[in-house]
Structures are given as structure tokens and as C-alpha cells.
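Structure first, commentary second.
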Amino acid sequence: MEVDSVRKQFDSKLVVSDVYLKCETNEIIGLLGRNGSGKSTLLKIIFGIVSAENKCIRIDGVVKNKVSQLLKEISYLHQESFIPNHFTVKKAISLSVSIEKIADFLEDTMIQSILDKKINYLSSGELRYLEIKLVLFNSSKFVLLDEPYNGLSPIMVEKVNQLIQDNSSKKGIVITDHDYENVIGISTQLLLMKEGKVHTVKNKMDLMERGYLSSRMV
């Protein structure tokens with residue numbers, strides 16, 4: 001997946017400025033940046049739910065800029081919950097996961113323990129874990145995860161990291177989250193978004209030099 005020449009302006013503020021991003025299958029790209037740096041906007045533009053003045057998205061070298069084309073190739077985890085509260089977990093799974101993948105999806109003690117619950121009775125961690133797994137089990141080649149660690153306990157974060165790593169063997173994944181330690185730990189490539197532009201970084205020292213981390217955090 002290549003995302004090229006993305007440009008987005010809100011009123012007179014340039015939020016995303018000529019961004020280029022490339023993600024291969026088997027790759028986990030960590031996208032870091034402070035609040036307001038344009039990370040979520042960029043993911044929404046890639047997915048097609050936010051318009052942009054300019055963008056070019058190529059999947060396997062083929063330009064696919066229409067939303068209908070991108071939905072087949074890219075999955076997106078919203079920051080907010082997307083499963084109706086009145087659904088049971090079992091119903092959410094049956095509507096989201098293909099028949100041939102359901103047995104594999106259910107081979108999970110965490111999922112088995114909540115299978116008969118309604119969505120509104122799940123803890124925030126249980127719900128986030130379910131949503132992440134549903135998105136990762138989509139047939140798309142590429143997955144965009146927006147704040148997946150939000151509200152998760154350390155144990156749940158470990159489970160989510162394992163899910164992401166297991167699925168990265170056949171998918172390309174872009175993850176953005178303020179939990180930079182886990183993003184750094186799980187990613188095969190790191191990018192920093194600052195003032196609408198994307199910069200390649202290698203480690204915490206690079207992040208400090210570019211003003212994302214303070215010296216006491218390195």
C-alpha cells in the first residue's frame with residue numbers, strides 16, 4: 001500500500017502536507033505524533049471517510065482512490081466503539097467474520113468468556129479487544145489501528161500486541177497511539193508526524209531530537 005501526495009487543509013490550517021507512506025504486508029508501521037499533528041486525519045483520509053484536496057493511494061501498484069475500492073483493501077479501527085450496544089458478542093462475530101474463519105476466531109479463551117454477553121455489558125478492555133480482533137480478521141490486506149490501546153490494562157495490551165503480531169504475518173498494519181512505548185516495541189518501522197509532515201525515525205533518541213519526547217523520557 002502506497003499513500004502518496006496527501007494534502008488536507010481545515011479552513012486556513014494545513015493539517016496534512018504532501019505525506020508519503022508505504023506499508024508492505026508483514027510490516028507494522030508505528031505512526032507517532034502529538035495531539036493535533038494529523039495522525040487520525042491521515043488514517044481517515046487513507047480509509048476514505050475524510051476527503052482530501054489531494055491524495056493517491058496505490059494497492060499492489062494499482063491506483064484505488066474510490067471509497068468502494070478501498071473498503072475491500074483496507075480495514076480501519078475507529079477510536080470510538082463501532083458495534084451496536086444491543087448486539088451480543090456472538091452476533092457481532094457472525095456478522096463480521098467469514099464462516100471459514102469463525103472457528104479460528106473462537107479459539108481464544110478471552111472471546112469464549114464473553115461470547116454470550118451483550119456489547120453494553122462488556123468492560124472497556126473486553127470491547128476494545130473484540131473490536132481489534134474483528135478488524136484484524138477482516139479479509140483486507142491492510143489495517144489501520146487508531147488508538148488501539150485506549151483504556152486497556154497492561155495485561156490486555158499484551159493480548160492486543162500478540163493479536164497484532166500474529167496477524168501481521170499476512171497483513172500490513174499501521175498503528176497510531178499515545179502509548180509510544182508499545183508502539184515502538186511492536187513496530188517494524190517508525191514514523192513521526194509533525195506539522196502535517198511524516199518523518200522516518202529509528203529510536204527514542206530520534207524522537208527526542210524531533211521534539212516528540214523529552215530527555216527524561218529517553
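Residue numbers start at 1 in each chain; chains themselves are named A, B, ... in the order of the C-alpha cells; ligands are numbered from 1 in the order shown.
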
DSSP on the backbone, strand (DSSP E or B) only: what residues of range 3-218 of chain A does that give? Format it as a PDB file with N, CA and C atoms, in the first residue's frame.
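File produced: part.pdb:
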ATOM      1  N   VAL A   3       0.684   5.415  -0.060  1.00  0.00           N
ATOM      2  CA  VAL A   3      -0.142   6.605   0.122  1.00  0.00           C
ATOM      3  C   VAL A   3       0.728   7.785  -0.259  1.00  0.00           C
ATOM      4  N   ASP A   4       0.315   8.506  -1.295  1.00  0.00           N
ATOM      5  CA  ASP A   4       1.206   9.491  -1.886  1.00  0.00           C
ATOM      6  C   ASP A   4       0.537  10.864  -2.015  1.00  0.00           C
ATOM      7  N   SER A   5       1.323  11.909  -1.765  1.00  0.00           N
ATOM      8  CA  SER A   5       0.922  13.307  -2.008  1.00  0.00           C
ATOM      9  C   SER A   5      -0.376  13.693  -1.303  1.00  0.00           C
ATOM     10  N   VAL A   6      -0.558  13.187  -0.063  1.00  0.00           N
ATOM     11  CA  VAL A   6      -1.788  13.505   0.677  1.00  0.00           C
ATOM     12  C   VAL A   6      -1.696  14.918   1.241  1.00  0.00           C
ATOM     13  N   ARG A   7      -2.729  15.677   0.966  1.00  0.00           N
ATOM     14  CA  ARG A   7      -2.767  17.076   1.426  1.00  0.00           C
ATOM     15  C   ARG A   7      -4.177  17.394   1.912  1.00  0.00           C
ATOM     16  N   LYS A   8      -4.259  17.913   3.147  1.00  0.00           N
ATOM     17  CA  LYS A   8      -5.557  18.236   3.733  1.00  0.00           C
ATOM     18  C   LYS A   8      -5.466  19.547   4.495  1.00  0.00           C
ATOM     19  N   GLN A   9      -6.438  20.413   4.222  1.00  0.00           N
ATOM     20  CA  GLN A   9      -6.478  21.712   4.886  1.00  0.00           C
ATOM     21  C   GLN A   9      -7.840  21.902   5.540  1.00  0.00           C
ATOM     22  N   PHE A  10      -7.832  22.338   6.820  1.00  0.00           N
ATOM     23  CA  PHE A  10      -9.065  22.716   7.510  1.00  0.00           C
ATOM     24  C   PHE A  10      -9.045  24.227   7.657  1.00  0.00           C
ATOM     25  N   LYS A  13      -5.695  26.167   7.944  1.00  0.00           N
ATOM     26  CA  LYS A  13      -4.610  25.384   8.546  1.00  0.00           C
ATOM     27  C   LYS A  13      -4.336  24.130   7.723  1.00  0.00           C
ATOM     28  N   LEU A  14      -3.079  23.954   7.339  1.00  0.00           N
ATOM     29  CA  LEU A  14      -2.660  22.761   6.613  1.00  0.00           C
ATOM     30  C   LEU A  14      -2.380  21.658   7.624  1.00  0.00           C
ATOM     31  N   VAL A  15      -3.239  20.637   7.664  1.00  0.00           N
ATOM     32  CA  VAL A  15      -3.143  19.576   8.679  1.00  0.00           C
ATOM     33  C   VAL A  15      -2.282  18.419   8.188  1.00  0.00           C
ATOM     34  N   VAL A  16      -2.418  18.084   6.917  1.00  0.00           N
ATOM     35  CA  VAL A  16      -1.599  17.032   6.309  1.00  0.00           C
ATOM     36  C   VAL A  16      -0.952  17.634   5.066  1.00  0.00           C
ATOM     37  N   SER A  17       0.382  17.563   5.018  1.00  0.00           N
ATOM     38  CA  SER A  17       1.109  18.282   3.971  1.00  0.00           C
ATOM     39  C   SER A  17       1.967  17.337   3.125  1.00  0.00           C
ATOM     40  N   ASP A  18       1.441  16.959   1.955  1.00  0.00           N
ATOM     41  CA  ASP A  18       2.193  16.158   0.972  1.00  0.00           C
ATOM     42  C   ASP A  18       2.837  14.923   1.597  1.00  0.00           C
ATOM     43  N   VAL A  19       2.030  14.149   2.307  1.00  0.00           N
ATOM     44  CA  VAL A  19       2.524  12.966   3.010  1.00  0.00           C
ATOM     45  C   VAL A  19       2.696  11.783   2.053  1.00  0.00           C
ATOM     46  N   TYR A  20       3.795  11.055   2.244  1.00  0.00           N
ATOM     47  CA  TYR A  20       4.019   9.785   1.548  1.00  0.00           C
ATOM     48  C   TYR A  20       4.239   8.705   2.604  1.00  0.00           C
ATOM     49  N   LEU A  21       3.569   7.583   2.414  1.00  0.00           N
ATOM     50  CA  LEU A  21       3.680   6.465   3.360  1.00  0.00           C
ATOM     51  C   LEU A  21       3.581   5.162   2.572  1.00  0.00           C
ATOM     52  N   LYS A  22       4.467   4.239   2.862  1.00  0.00           N
ATOM     53  CA  LYS A  22       4.433   2.936   2.191  1.00  0.00           C
ATOM     54  C   LYS A  22       4.399   1.831   3.232  1.00  0.00           C
ATOM     55  N   ILE A  28       4.629  -3.717  10.332  1.00  0.00           N
ATOM     56  CA  ILE A  28       3.850  -2.921  11.284  1.00  0.00           C
ATOM     57  C   ILE A  28       4.488  -1.544  11.360  1.00  0.00           C
ATOM     58  N   ILE A  29       3.768  -0.546  10.864  1.00  0.00           N
ATOM     59  CA  ILE A  29       4.275   0.823  10.889  1.00  0.00           C
ATOM     60  C   ILE A  29       3.685   1.553  12.090  1.00  0.00           C
ATOM     61  N   GLY A  30       4.551   2.058  12.949  1.00  0.00           N
ATOM     62  CA  GLY A  30       4.119   2.858  14.088  1.00  0.00           C
ATOM     63  C   GLY A  30       4.125   4.325  13.700  1.00  0.00           C
ATOM     64  N   LEU A  31       2.974   4.965  13.801  1.00  0.00           N
ATOM     65  CA  LEU A  31       2.829   6.383  13.444  1.00  0.00           C
ATOM     66  C   LEU A  31       2.642   7.186  14.725  1.00  0.00           C
ATOM     67  N   LEU A  32       3.669   7.910  15.119  1.00  0.00           N
ATOM     68  CA  LEU A  32       3.636   8.694  16.358  1.00  0.00           C
ATOM     69  C   LEU A  32       3.448  10.175  16.053  1.00  0.00           C
ATOM     70  N   ASN A  54      -5.868  16.538  -2.038  1.00  0.00           N
ATOM     71  CA  ASN A  54      -5.071  15.717  -2.943  1.00  0.00           C
ATOM     72  C   ASN A  54      -4.696  14.417  -2.242  1.00  0.00           C
ATOM     73  N   LYS A  55      -4.740  13.309  -2.969  1.00  0.00           N
ATOM     74  CA  LYS A  55      -4.244  12.042  -2.451  1.00  0.00           C
ATOM     75  C   LYS A  55      -4.138  11.051  -3.603  1.00  0.00           C
ATOM     76  N   CYS A  56      -3.231  10.101  -3.465  1.00  0.00           N
ATOM     77  CA  CYS A  56      -3.124   8.997  -4.414  1.00  0.00           C
ATOM     78  C   CYS A  56      -2.805   7.750  -3.609  1.00  0.00           C
ATOM     79  N   ILE A  57      -3.675   6.754  -3.699  1.00  0.00           N
ATOM     80  CA  ILE A  57      -3.454   5.502  -2.968  1.00  0.00           C
ATOM     81  C   ILE A  57      -3.299   4.368  -3.970  1.00  0.00           C
ATOM     82  N   ARG A  58      -2.197   3.646  -3.844  1.00  0.00           N
ATOM     83  CA  ARG A  58      -1.931   2.515  -4.724  1.00  0.00           C
ATOM     84  C   ARG A  58      -1.866   1.232  -3.907  1.00  0.00           C
ATOM     85  N   ILE A  59      -2.587   0.225  -4.350  1.00  0.00           N
ATOM     86  CA  ILE A  59      -2.526  -1.112  -3.748  1.00  0.00           C
ATOM     87  C   ILE A  59      -1.924  -2.038  -4.795  1.00  0.00           C
ATOM     88  N   VAL A  62      -1.619  -0.498  -8.183  1.00  0.00           N
ATOM     89  CA  VAL A  62      -2.830  -0.051  -8.873  1.00  0.00           C
ATOM     90  C   VAL A  62      -3.479   1.093  -8.089  1.00  0.00           C
ATOM     91  N   VAL A  63      -3.757   2.194  -8.759  1.00  0.00           N
ATOM     92  CA  VAL A  63      -4.381   3.347  -8.098  1.00  0.00           C
ATOM     93  C   VAL A  63      -5.821   3.003  -7.719  1.00  0.00           C
ATOM     94  N   ILE A  74      -8.668  -2.170   2.714  1.00  0.00           N
ATOM     95  CA  ILE A  74      -8.197  -1.577   3.963  1.00  0.00           C
ATOM     96  C   ILE A  74      -9.287  -1.651   5.030  1.00  0.00           C
ATOM     97  N   SER A  75      -8.895  -2.046   6.236  1.00  0.00           N
ATOM     98  CA  SER A  75      -9.796  -2.014   7.399  1.00  0.00           C
ATOM     99  C   SER A  75      -9.328  -0.920   8.354  1.00  0.00           C
ATOM    100  N   TYR A  76     -10.281  -0.366   9.100  1.00  0.00           N
ATOM    101  CA  TYR A  76      -9.952   0.761   9.968  1.00  0.00           C
ATOM    102  C   TYR A  76     -10.599   0.592  11.340  1.00  0.00           C
ATOM    103  N   LEU A  77      -9.791   0.713  12.385  1.00  0.00           N
ATOM    104  CA  LEU A  77     -10.289   0.695  13.760  1.00  0.00           C
ATOM    105  C   LEU A  77     -10.472   2.132  14.225  1.00  0.00           C
ATOM    106  N   THR A  88     -25.251  -9.045  20.792  1.00  0.00           N
ATOM    107  CA  THR A  88     -24.429  -9.941  21.602  1.00  0.00           C
ATOM    108  C   THR A  88     -23.073 -10.059  20.912  1.00  0.00           C
ATOM    109  N   LYS A 118     -23.945  -9.215  26.044  1.00  0.00           N
ATOM    110  CA  LYS A 118     -24.277  -8.108  25.151  1.00  0.00           C
ATOM    111  C   LYS A 118     -23.125  -7.091  25.185  1.00  0.00           C
ATOM    112  N   PHE A 142      -4.691  -4.683   4.426  1.00  0.00           N
ATOM    113  CA  PHE A 142      -4.085  -3.629   5.243  1.00  0.00           C
ATOM    114  C   PHE A 142      -5.047  -3.168   6.333  1.00  0.00           C
ATOM    115  N   VAL A 143      -4.479  -2.867   7.500  1.00  0.00           N
ATOM    116  CA  VAL A 143      -5.283  -2.486   8.667  1.00  0.00           C
ATOM    117  C   VAL A 143      -4.724  -1.201   9.274  1.00  0.00           C
ATOM    118  N   LEU A 144      -5.622  -0.271   9.565  1.00  0.00           N
ATOM    119  CA  LEU A 144      -5.270   0.981  10.230  1.00  0.00           C
ATOM    120  C   LEU A 144      -5.849   0.958  11.637  1.00  0.00           C
ATOM    121  N   LEU A 145      -5.003   1.026  12.648  1.00  0.00           N
ATOM    122  CA  LEU A 145      -5.441   0.960  14.042  1.00  0.00           C
ATOM    123  C   LEU A 145      -5.240   2.325  14.700  1.00  0.00           C
ATOM    124  N   ASP A 146      -6.347   2.975  15.062  1.00  0.00           N
ATOM    125  CA  ASP A 146      -6.313   4.308  15.655  1.00  0.00           C
ATOM    126  C   ASP A 146      -6.563   4.202  17.158  1.00  0.00           C
ATOM    127  N   GLY A 172      -0.463  -5.875   6.223  1.00  0.00           N
ATOM    128  CA  GLY A 172       0.309  -4.688   6.554  1.00  0.00           C
ATOM    129  C   GLY A 172      -0.507  -3.868   7.544  1.00  0.00           C
ATOM    130  N   ILE A 173       0.123  -3.418   8.630  1.00  0.00           N
ATOM    131  CA  ILE A 173      -0.609  -2.742   9.705  1.00  0.00           C
ATOM    132  C   ILE A 173       0.023  -1.389  10.010  1.00  0.00           C
ATOM    133  N   VAL A 174      -0.829  -0.372  10.118  1.00  0.00           N
ATOM    134  CA  VAL A 174      -0.389   0.956  10.562  1.00  0.00           C
ATOM    135  C   VAL A 174      -1.071   1.218  11.900  1.00  0.00           C
ATOM    136  N   ILE A 175      -0.270   1.545  12.913  1.00  0.00           N
ATOM    137  CA  ILE A 175      -0.821   1.753  14.254  1.00  0.00           C
ATOM    138  C   ILE A 175      -0.398   3.116  14.780  1.00  0.00           C
ATOM    139  N   THR A 176      -1.362   3.869  15.316  1.00  0.00           N
ATOM    140  CA  THR A 176      -1.041   5.121  15.980  1.00  0.00           C
ATOM    141  C   THR A 176      -1.643   5.114  17.381  1.00  0.00           C
ATOM    142  N   GLN A 189       8.723  -0.466  11.638  1.00  0.00           N
ATOM    143  CA  GLN A 189       9.157   0.824  11.097  1.00  0.00           C
ATOM    144  C   GLN A 189       8.441   1.925  11.877  1.00  0.00           C
ATOM    145  N   LEU A 190       9.157   2.991  12.185  1.00  0.00           N
ATOM    146  CA  LEU A 190       8.576   4.099  12.944  1.00  0.00           C
ATOM    147  C   LEU A 190       8.531   5.374  12.106  1.00  0.00           C
ATOM    148  N   LEU A 191       7.395   6.062  12.191  1.00  0.00           N
ATOM    149  CA  LEU A 191       7.234   7.359  11.545  1.00  0.00           C
ATOM    150  C   LEU A 191       6.751   8.361  12.584  1.00  0.00           C
ATOM    151  N   LEU A 192       7.196   9.596  12.454  1.00  0.00           N
ATOM    152  CA  LEU A 192       6.730  10.673  13.330  1.00  0.00           C
ATOM    153  C   LEU A 192       6.027  11.718  12.474  1.00  0.00           C
ATOM    154  N   MET A 193       4.801  12.055  12.870  1.00  0.00           N
ATOM    155  CA  MET A 193       4.053  13.095  12.168  1.00  0.00           C
ATOM    156  C   MET A 193       4.176  14.396  12.960  1.00  0.00           C
ATOM    157  N   LYS A 194       4.667  15.414  12.282  1.00  0.00           N
ATOM    158  CA  LYS A 194       4.884  16.707  12.934  1.00  0.00           C
ATOM    159  C   LYS A 194       4.583  17.815  11.937  1.00  0.00           C
ATOM    160  N   LYS A 197       3.648  16.818   8.384  1.00  0.00           N
ATOM    161  CA  LYS A 197       4.581  16.032   7.574  1.00  0.00           C
ATOM    162  C   LYS A 197       5.003  14.765   8.319  1.00  0.00           C
ATOM    163  N   VAL A 198       5.421  13.751   7.550  1.00  0.00           N
ATOM    164  CA  VAL A 198       5.845  12.481   8.124  1.00  0.00           C
ATOM    165  C   VAL A 198       7.362  12.348   8.010  1.00  0.00           C
ATOM    166  N   HIS A 199       7.990  11.980   9.135  1.00  0.00           N
ATOM    167  CA  HIS A 199       9.445  11.812   9.181  1.00  0.00           C
ATOM    168  C   HIS A 199       9.772  10.392   9.630  1.00  0.00           C
ATOM    169  N   THR A 200      10.738   9.760   8.992  1.00  0.00           N
ATOM    170  CA  THR A 200      11.194   8.439   9.419  1.00  0.00           C
ATOM    171  C   THR A 200      12.096   8.596  10.637  1.00  0.00           C
ATOM    172  N   VAL A 201      11.824   7.798  11.674  1.00  0.00           N
ATOM    173  CA  VAL A 201      12.655   7.805  12.880  1.00  0.00           C
ATOM    174  C   VAL A 201      13.031   6.364  13.225  1.00  0.00           C
TER     175      VAL A 201
END

Run DSSP on the backbone and give me the residues of chain A it puts in alpha helix (DSSP H), as a ChimeraX atom specification.
-> /A:39-47,67-73,89-96,99-106,109-114,124-136,154-167,180-186,204-209

File dump, residues just selected, C-alpha atoms, as a PDB file, in the first residue's frame:
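Output (selection_20.pdb):
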ATOM      1  CA  LYS A  39      -2.350  11.262  12.599  1.00  0.00           C
ATOM      2  CA  SER A  40      -6.044  10.345  12.856  1.00  0.00           C
ATOM      3  CA  THR A  41      -6.904  12.649   9.964  1.00  0.00           C
ATOM      4  CA  LEU A  42      -4.324  10.890   7.795  1.00  0.00           C
ATOM      5  CA  LEU A  43      -5.738   7.441   8.658  1.00  0.00           C
ATOM      6  CA  LYS A  44      -9.281   8.602   7.894  1.00  0.00           C
ATOM      7  CA  ILE A  45      -8.151  10.025   4.561  1.00  0.00           C
ATOM      8  CA  ILE A  46      -6.445   6.742   3.669  1.00  0.00           C
ATOM      9  CA  PHE A  47      -9.590   4.794   4.607  1.00  0.00           C
ATOM     10  CA  VAL A  67     -14.042   4.552  -1.231  1.00  0.00           C
ATOM     11  CA  SER A  68     -15.722   1.429  -2.634  1.00  0.00           C
ATOM     12  CA  GLN A  69     -12.319   0.154  -3.819  1.00  0.00           C
ATOM     13  CA  LEU A  70     -10.547   0.968  -0.570  1.00  0.00           C
ATOM     14  CA  LEU A  71     -13.130  -0.806   1.619  1.00  0.00           C
ATOM     15  CA  LYS A  72     -12.088  -4.122   0.068  1.00  0.00           C
ATOM     16  CA  GLU A  73      -8.400  -3.487   0.675  1.00  0.00           C
ATOM     17  CA  VAL A  89     -20.756 -10.710  21.075  1.00  0.00           C
ATOM     18  CA  LYS A  90     -21.812 -13.842  19.195  1.00  0.00           C
ATOM     19  CA  LYS A  91     -23.956 -11.800  16.785  1.00  0.00           C
ATOM     20  CA  ALA A  92     -21.199  -9.236  16.194  1.00  0.00           C
ATOM     21  CA  ILE A  93     -18.807 -12.047  15.298  1.00  0.00           C
ATOM     22  CA  SER A  94     -21.272 -13.818  13.000  1.00  0.00           C
ATOM     23  CA  LEU A  95     -21.916 -10.596  11.058  1.00  0.00           C
ATOM     24  CA  SER A  96     -18.249  -9.610  10.782  1.00  0.00           C
ATOM     25  CA  ILE A  99     -17.617 -18.655   8.002  1.00  0.00           C
ATOM     26  CA  GLU A 100     -14.244 -20.218   7.231  1.00  0.00           C
ATOM     27  CA  LYS A 101     -12.520 -18.010   9.832  1.00  0.00           C
ATOM     28  CA  ILE A 102     -15.018 -18.270  12.700  1.00  0.00           C
ATOM     29  CA  ALA A 103     -13.561 -21.456  14.233  1.00  0.00           C
ATOM     30  CA  ASP A 104     -10.124 -19.837  14.341  1.00  0.00           C
ATOM     31  CA  PHE A 105     -11.611 -16.614  15.767  1.00  0.00           C
ATOM     32  CA  LEU A 106     -13.287 -18.533  18.590  1.00  0.00           C
ATOM     33  CA  THR A 109     -10.254 -18.005  25.880  1.00  0.00           C
ATOM     34  CA  MET A 110     -10.872 -14.259  26.119  1.00  0.00           C
ATOM     35  CA  ILE A 111     -13.514 -14.382  23.368  1.00  0.00           C
ATOM     36  CA  GLN A 112     -15.065 -17.575  24.753  1.00  0.00           C
ATOM     37  CA  SER A 113     -15.545 -15.934  28.157  1.00  0.00           C
ATOM     38  CA  ILE A 114     -17.641 -13.079  26.690  1.00  0.00           C
ATOM     39  CA  SER A 124     -13.873  -1.221  28.019  1.00  0.00           C
ATOM     40  CA  GLY A 125     -10.930  -3.626  27.691  1.00  0.00           C
ATOM     41  CA  GLU A 126     -13.084  -6.550  26.563  1.00  0.00           C
ATOM     42  CA  LEU A 127     -14.841  -4.373  23.997  1.00  0.00           C
ATOM     43  CA  ARG A 128     -11.615  -2.923  22.606  1.00  0.00           C
ATOM     44  CA  TYR A 129     -10.076  -6.393  22.331  1.00  0.00           C
ATOM     45  CA  LEU A 130     -13.136  -7.680  20.452  1.00  0.00           C
ATOM     46  CA  GLU A 131     -13.143  -4.702  18.066  1.00  0.00           C
ATOM     47  CA  ILE A 132      -9.445  -5.044  17.305  1.00  0.00           C
ATOM     48  CA  LYS A 133      -9.795  -8.753  16.636  1.00  0.00           C
ATOM     49  CA  LEU A 134     -12.815  -8.207  14.357  1.00  0.00           C
ATOM     50  CA  VAL A 135     -10.891  -5.628  12.339  1.00  0.00           C
ATOM     51  CA  LEU A 136      -7.808  -7.848  12.092  1.00  0.00           C
ATOM     52  CA  PRO A 154      -1.296  -3.841  30.853  1.00  0.00           C
ATOM     53  CA  ILE A 155      -2.490  -7.463  30.518  1.00  0.00           C
ATOM     54  CA  MET A 156      -4.953  -6.508  27.783  1.00  0.00           C
ATOM     55  CA  VAL A 157      -2.226  -4.546  25.995  1.00  0.00           C
ATOM     56  CA  GLU A 158      -0.111  -7.721  25.933  1.00  0.00           C
ATOM     57  CA  LYS A 159      -3.021  -9.655  24.422  1.00  0.00           C
ATOM     58  CA  VAL A 160      -3.615  -6.965  21.802  1.00  0.00           C
ATOM     59  CA  ASN A 161       0.082  -6.848  20.888  1.00  0.00           C
ATOM     60  CA  GLN A 162       0.057 -10.611  20.373  1.00  0.00           C
ATOM     61  CA  LEU A 163      -3.042 -10.289  18.157  1.00  0.00           C
ATOM     62  CA  ILE A 164      -1.367  -7.606  16.052  1.00  0.00           C
ATOM     63  CA  GLN A 165       1.871  -9.566  15.694  1.00  0.00           C
ATOM     64  CA  ASP A 166       0.061 -12.792  14.800  1.00  0.00           C
ATOM     65  CA  ASN A 167      -1.928 -11.050  12.058  1.00  0.00           C
ATOM     66  CA  TYR A 180       4.586   5.271  22.425  1.00  0.00           C
ATOM     67  CA  GLU A 181       6.456   2.540  24.344  1.00  0.00           C
ATOM     68  CA  ASN A 182       4.174  -0.171  22.996  1.00  0.00           C
ATOM     69  CA  VAL A 183       4.079   1.367  19.516  1.00  0.00           C
ATOM     70  CA  ILE A 184       7.897   1.401  19.431  1.00  0.00           C
ATOM     71  CA  GLY A 185       8.056  -2.147  20.818  1.00  0.00           C
ATOM     72  CA  ILE A 186       5.708  -3.679  18.261  1.00  0.00           C
ATOM     73  CA  LYS A 204      13.756   7.278  21.108  1.00  0.00           C
ATOM     74  CA  MET A 205      16.783   9.477  20.510  1.00  0.00           C
ATOM     75  CA  ASP A 206      15.396  10.453  17.100  1.00  0.00           C
ATOM     76  CA  LEU A 207      12.037  11.162  18.742  1.00  0.00           C
ATOM     77  CA  MET A 208      13.745  13.368  21.325  1.00  0.00           C
ATOM     78  CA  GLU A 209      15.714  15.279  18.664  1.00  0.00           C
TER      79      GLU A 209
END

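When only C-alpha atoms are used to measure the gap to Ser123 in chain A, the shortest distance among A:Thr188, A:Ser153, A:Asp108, A:Ser139 belongs to A:Ser153.
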